[in-house]
Amino acid sequence: MRALVISATGMNAQNQNLEVIANNIANINTTAFKRARAEFTDLIYQAERIQGVANRGAGSVVPEGAQIGLGVRTAAIRPLEIQGSLTSTNNQLDLAISGRGWFQVQSPSGETLYTRAGSFSPNANGQIVNTDGYPVMPNMVIPTNTTAITVSETGVVSATIGGQTTPQQIGQLTLATFVNEAGLMALGSNLFQPTAASGQAVTGVPGDPGIGHIKQGYLEASNVDPVSEIATMIQAQRAYEMNSKVMEAASSMAGTLSSLRT
């Protein structure tokens with residue numbers, strides 16, 4: 001019976017929906033994490049009677065057909081690029097982006113990757129790096145004997161060196177934007193890679209039109225809403241249970257039909 005297959009696609013879709021919700025909740029404390037939403041689409045339809053064709057007497061047109069849908073599938077898992085709240089850390093190399101934009105870091109292979117997580121620190125050579133040790137681009141080196149680092153809202157990085165009173169500029173942060181941020185490929189570790197769907201990165205100075213500002217001493221929190229996720233989880237669970245009931249009913253009916261034929 002088709003109902004068995006149809007309900008099975010529904011159960012599979014809700015299982016994937018639950019996996020998305022579980023990942024959202026698991027990353028509720030991940031810096032700059034963007035929650036995702038599973039989106040579904042119906043499958044092809046099997047026509048029992050086609051609308052718009054002549055009826056048997058050919059005197060009139062069939063106004064409504066009979067099409068039976070064959071289930072559902074996952075169409076997309078869409079990240080919701082909503083600004084997370086900014087949390088004060090008082091760490092001078094914790095940077096948050098208020099508005100659009102992505103920090104740029106360089107992977108060991110030399111590829112430029114993108115992140116919203118601005119928890120940076122200096123490495124042994126004084127380079128500003130992310131939590132995986134990837135240098136922030138453009139590359140900046142903190143001088144020895146630096147007593148304070150300041151980062152302006154426009155991304156100007158300055159260092160105050162011991163014995164001096166005037167900070168000296170050591171670099172200028174730039175941010176990248178994309179036409180379709182949802183098209184970026186997540187690599188894990190808060191890192192993203194551009195794809196043909198996202199388009200190429202367009203870089204600019206923080207504060208330029210369409211680019212956010214830098215907030216020093218802050219980190220962007222995850223945008224996961226626990227209450228919303230629990231409500232969505234309950235909906236997914238109920239939908240899964242209903243599909244399982246349909247499968248039980250279809251199996252029972254199939255057994256009855258089989259016994260009647262014998």
# chains A, B, ... in the order shown; residues from 1 in each chain; ligands from 1
>>> residues_around(residues="Gly212 (chain A)", least_positions_apart="5", cutoff="6 Å", atoms="only C-alpha atoms", output="list in words")
Ser98, Gly99, Arg100, Pro206 and Gly207 of chain A
>>> write_last_selection(atoms="N, CA, C and O atoms", output="tab-separated table (two decimals), in the first residue's frame")
chain	number	residue	atom	x	y	z
A	98	SER	N	28.53	43.96	15.09
A	98	SER	CA	27.16	44.46	15.23
A	98	SER	C	26.65	44.81	13.83
A	98	SER	O	27.01	45.84	13.27
A	99	GLY	N	25.85	43.92	13.27
A	99	GLY	CA	25.39	44.10	11.90
A	99	GLY	C	25.94	43.01	11.00
A	99	GLY	O	26.36	41.95	11.46
A	100	ARG	N	25.95	43.27	9.71
A	100	ARG	CA	26.42	42.29	8.74
A	100	ARG	C	27.94	42.23	8.70
A	100	ARG	O	28.62	43.20	9.01
A	206	PRO	N	34.78	48.04	8.35
A	206	PRO	CA	33.60	48.12	9.23
A	206	PRO	C	33.03	49.54	9.25
A	206	PRO	O	33.77	50.52	9.36
A	207	GLY	N	31.71	49.60	9.13
A	207	GLY	CA	31.05	50.90	9.10
A	207	GLY	C	30.73	51.37	7.70
A	207	GLY	O	29.95	52.32	7.53
>>> residues_around(residues="Leu18 (chain A)", least_positions_apart="4", cutoff="10 Å", atoms="only C-alpha atoms", output="list in words")
Asn12, Ala13, Gln14, Ala22, Asn23, Asn24, Ala38, Glu229, Thr232, Met233, Ile234, Gln235, Ala236, Gln237 and Tyr240 of chain A
>>> residues_around(residues="region 219-226 of chain A", least_positions_apart="4", cutoff="12 Å", atoms="only C-alpha atoms", output="PyMOL selection string")
chain A and resi 20-37+79-99+102+115-120+190+214-215+230-233
>>> closest_residue(among="A:Ser152, A:Ser121, A:Asn15, A:Asn55", to="Arg73 (chain A)", atoms="only C-alpha atoms")
A:Asn15
>>> atom_distance(atom1="CA of Ser158 (chain A)", atom2="CA of Ser109 (chain A)")
28.5 Å
>>> decode(residues="region 120-261 of chain A", atoms="C-alpha atoms", output="mmCIF file, in the first residue's frame")
data_model
loop_
_atom_site.group_PDB
_atom_site.id
_atom_site.type_symbol
_atom_site.label_atom_id
_atom_site.label_comp_id
_atom_site.auth_asym_id
_atom_site.auth_seq_id
_atom_site.Cartn_x
_atom_site.Cartn_y
_atom_site.Cartn_z
ATOM 1 C CA PHE A 120 40.868 36.046 19.229
ATOM 2 C CA SER A 121 44.229 35.932 20.992
ATOM 3 C CA PRO A 122 47.927 36.365 20.130
ATOM 4 C CA ASN A 123 50.047 33.329 19.300
ATOM 5 C CA ALA A 124 53.714 32.854 20.211
ATOM 6 C CA ASN A 125 54.772 35.118 17.338
ATOM 7 C CA GLY A 126 52.350 37.891 18.292
ATOM 8 C CA GLN A 127 49.958 37.174 15.422
ATOM 9 C CA ILE A 128 46.266 37.637 16.182
ATOM 10 C CA VAL A 129 44.648 34.209 15.697
ATOM 11 C CA ASN A 130 41.317 32.468 16.335
ATOM 12 C CA THR A 131 40.753 29.585 18.757
ATOM 13 C CA ASP A 132 42.165 27.094 16.217
ATOM 14 C CA GLY A 133 45.312 29.164 15.700
ATOM 15 C CA TYR A 134 44.299 30.439 12.251
ATOM 16 C CA PRO A 135 45.686 33.963 11.637
ATOM 17 C CA VAL A 136 43.152 36.756 11.275
ATOM 18 C CA MET A 137 43.285 38.448 7.876
ATOM 19 C CA PRO A 138 44.632 40.998 7.157
ATOM 20 C CA ASN A 139 47.560 39.662 9.140
ATOM 21 C CA MET A 140 48.518 41.666 12.233
ATOM 22 C CA VAL A 141 51.349 41.218 14.739
ATOM 23 C CA ILE A 142 51.199 42.617 18.250
ATOM 24 C CA PRO A 143 54.551 44.227 19.198
ATOM 25 C CA THR A 144 56.415 42.951 22.239
ATOM 26 C CA ASN A 145 55.927 44.896 25.482
ATOM 27 C CA THR A 146 52.403 45.852 24.411
ATOM 28 C CA THR A 147 50.397 46.953 27.432
ATOM 29 C CA ALA A 148 47.029 47.541 25.779
ATOM 30 C CA ILE A 149 45.246 46.887 22.495
ATOM 31 C CA THR A 150 42.369 48.983 21.225
ATOM 32 C CA VAL A 151 40.081 48.200 18.303
ATOM 33 C CA SER A 152 37.838 50.970 17.041
ATOM 34 C CA GLU A 153 34.329 50.451 15.683
ATOM 35 C CA THR A 154 35.771 50.907 12.195
ATOM 36 C CA GLY A 155 38.324 48.120 12.741
ATOM 37 C CA VAL A 156 41.482 50.159 13.365
ATOM 38 C CA VAL A 157 43.759 48.074 15.613
ATOM 39 C CA SER A 158 46.197 50.009 17.796
ATOM 40 C CA ALA A 159 48.732 48.933 20.410
ATOM 41 C CA THR A 160 50.107 50.855 23.379
ATOM 42 C CA ILE A 161 53.715 49.828 24.001
ATOM 43 C CA GLY A 162 55.360 50.052 27.403
ATOM 44 C CA GLY A 163 57.078 53.408 27.920
ATOM 45 C CA GLN A 164 54.863 55.147 25.351
ATOM 46 C CA THR A 165 51.655 57.076 25.879
ATOM 47 C CA THR A 166 50.413 57.282 22.292
ATOM 48 C CA PRO A 167 48.992 54.086 20.742
ATOM 49 C CA GLN A 168 50.394 53.100 17.369
ATOM 50 C CA GLN A 169 48.270 51.573 14.634
ATOM 51 C CA ILE A 170 49.262 47.991 13.797
ATOM 52 C CA GLY A 171 46.527 47.105 11.311
ATOM 53 C CA GLN A 172 43.076 47.563 9.870
ATOM 54 C CA LEU A 173 40.430 44.854 10.166
ATOM 55 C CA THR A 174 38.199 44.296 7.171
ATOM 56 C CA LEU A 175 34.941 42.366 7.062
ATOM 57 C CA ALA A 176 33.472 40.250 4.281
ATOM 58 C CA THR A 177 29.862 40.135 3.132
ATOM 59 C CA PHE A 178 28.043 37.763 0.790
ATOM 60 C CA VAL A 179 25.004 38.136 -1.436
ATOM 61 C CA ASN A 180 23.529 34.917 -0.022
ATOM 62 C CA GLU A 181 24.892 34.135 3.430
ATOM 63 C CA ALA A 182 22.655 31.054 3.676
ATOM 64 C CA GLY A 183 24.682 29.597 0.780
ATOM 65 C CA LEU A 184 27.896 29.384 2.825
ATOM 66 C CA MET A 185 29.114 25.875 3.648
ATOM 67 C CA ALA A 186 29.558 25.181 7.368
ATOM 68 C CA LEU A 187 32.862 23.454 8.123
ATOM 69 C CA GLY A 188 32.554 23.235 11.907
ATOM 70 C CA SER A 189 34.641 25.153 14.449
ATOM 71 C CA ASN A 190 32.565 28.269 13.632
ATOM 72 C CA LEU A 191 34.144 28.382 10.168
ATOM 73 C CA PHE A 192 32.430 28.799 6.807
ATOM 74 C CA GLN A 193 33.486 28.447 3.199
ATOM 75 C CA PRO A 194 31.990 30.265 0.199
ATOM 76 C CA THR A 195 30.189 28.295 -2.500
ATOM 77 C CA ALA A 196 28.634 29.052 -5.874
ATOM 78 C CA ALA A 197 25.360 29.654 -4.005
ATOM 79 C CA SER A 198 26.800 32.238 -1.604
ATOM 80 C CA GLY A 199 28.734 34.184 -4.224
ATOM 81 C CA GLN A 200 32.203 35.573 -3.742
ATOM 82 C CA ALA A 201 33.174 37.584 -0.680
ATOM 83 C CA VAL A 202 33.006 41.363 -0.898
ATOM 84 C CA THR A 203 35.327 42.959 1.652
ATOM 85 C CA GLY A 204 35.164 46.398 3.182
ATOM 86 C CA VAL A 205 35.962 48.465 6.253
ATOM 87 C CA PRO A 206 33.603 48.124 9.228
ATOM 88 C CA GLY A 207 31.048 50.896 9.100
ATOM 89 C CA ASP A 208 30.951 51.057 5.300
ATOM 90 C CA PRO A 209 27.430 50.880 3.792
ATOM 91 C CA GLY A 210 26.041 47.380 4.303
ATOM 92 C CA ILE A 211 28.804 46.375 6.750
ATOM 93 C CA GLY A 212 28.490 46.260 10.543
ATOM 94 C CA HIS A 213 30.669 47.791 13.243
ATOM 95 C CA ILE A 214 33.211 46.155 15.560
ATOM 96 C CA LYS A 215 32.495 46.032 19.287
ATOM 97 C CA GLN A 216 35.666 45.431 21.327
ATOM 98 C CA GLY A 217 35.320 43.454 24.542
ATOM 99 C CA TYR A 218 32.158 41.684 23.388
ATOM 100 C CA LEU A 219 31.244 38.337 21.839
ATOM 101 C CA GLU A 220 28.143 37.539 19.834
ATOM 102 C CA ALA A 221 26.030 34.911 21.568
ATOM 103 C CA SER A 222 24.128 32.089 19.871
ATOM 104 C CA ASN A 223 20.745 33.186 18.514
ATOM 105 C CA VAL A 224 19.056 29.945 19.655
ATOM 106 C CA ASP A 225 15.803 30.555 21.563
ATOM 107 C CA PRO A 226 15.264 27.620 23.979
ATOM 108 C CA VAL A 227 11.507 28.156 24.269
ATOM 109 C CA SER A 228 11.046 28.210 20.500
ATOM 110 C CA GLU A 229 13.171 25.093 20.055
ATOM 111 C CA ILE A 230 11.206 23.144 22.691
ATOM 112 C CA ALA A 231 7.927 24.106 21.002
ATOM 113 C CA THR A 232 9.266 23.034 17.601
ATOM 114 C CA MET A 233 10.538 19.774 19.096
ATOM 115 C CA ILE A 234 7.079 18.960 20.476
ATOM 116 C CA GLN A 235 5.524 19.641 17.067
ATOM 117 C CA ALA A 236 8.044 17.337 15.383
ATOM 118 C CA GLN A 237 7.395 14.609 17.952
ATOM 119 C CA ARG A 238 3.624 14.826 17.445
ATOM 120 C CA ALA A 239 3.992 14.745 13.666
ATOM 121 C CA TYR A 240 6.244 11.679 13.921
ATOM 122 C CA GLU A 241 3.692 9.913 16.139
ATOM 123 C CA MET A 242 0.858 10.696 13.712
ATOM 124 C CA ASN A 243 2.837 9.281 10.794
ATOM 125 C CA SER A 244 3.574 6.153 12.803
ATOM 126 C CA LYS A 245 -0.173 5.759 13.503
ATOM 127 C CA VAL A 246 -0.874 6.032 9.778
ATOM 128 C CA MET A 247 1.707 3.333 9.135
ATOM 129 C CA GLU A 248 0.092 1.058 11.735
ATOM 130 C CA ALA A 249 -3.344 1.611 10.194
ATOM 131 C CA ALA A 250 -2.055 0.975 6.670
ATOM 132 C CA SER A 251 -0.305 -2.195 7.809
ATOM 133 C CA SER A 252 -3.484 -3.429 9.492
ATOM 134 C CA MET A 253 -5.555 -2.712 6.388
ATOM 135 C CA ALA A 254 -3.000 -4.454 4.189
ATOM 136 C CA GLY A 255 -3.217 -7.520 6.446
ATOM 137 C CA THR A 256 -7.019 -7.517 6.218
ATOM 138 C CA LEU A 257 -6.938 -7.258 2.412
ATOM 139 C CA SER A 258 -4.436 -10.098 2.234
ATOM 140 C CA SER A 259 -6.615 -12.375 4.377
ATOM 141 C CA LEU A 260 -9.680 -11.598 2.247
ATOM 142 C CA ARG A 261 -7.853 -12.542 -0.942
#
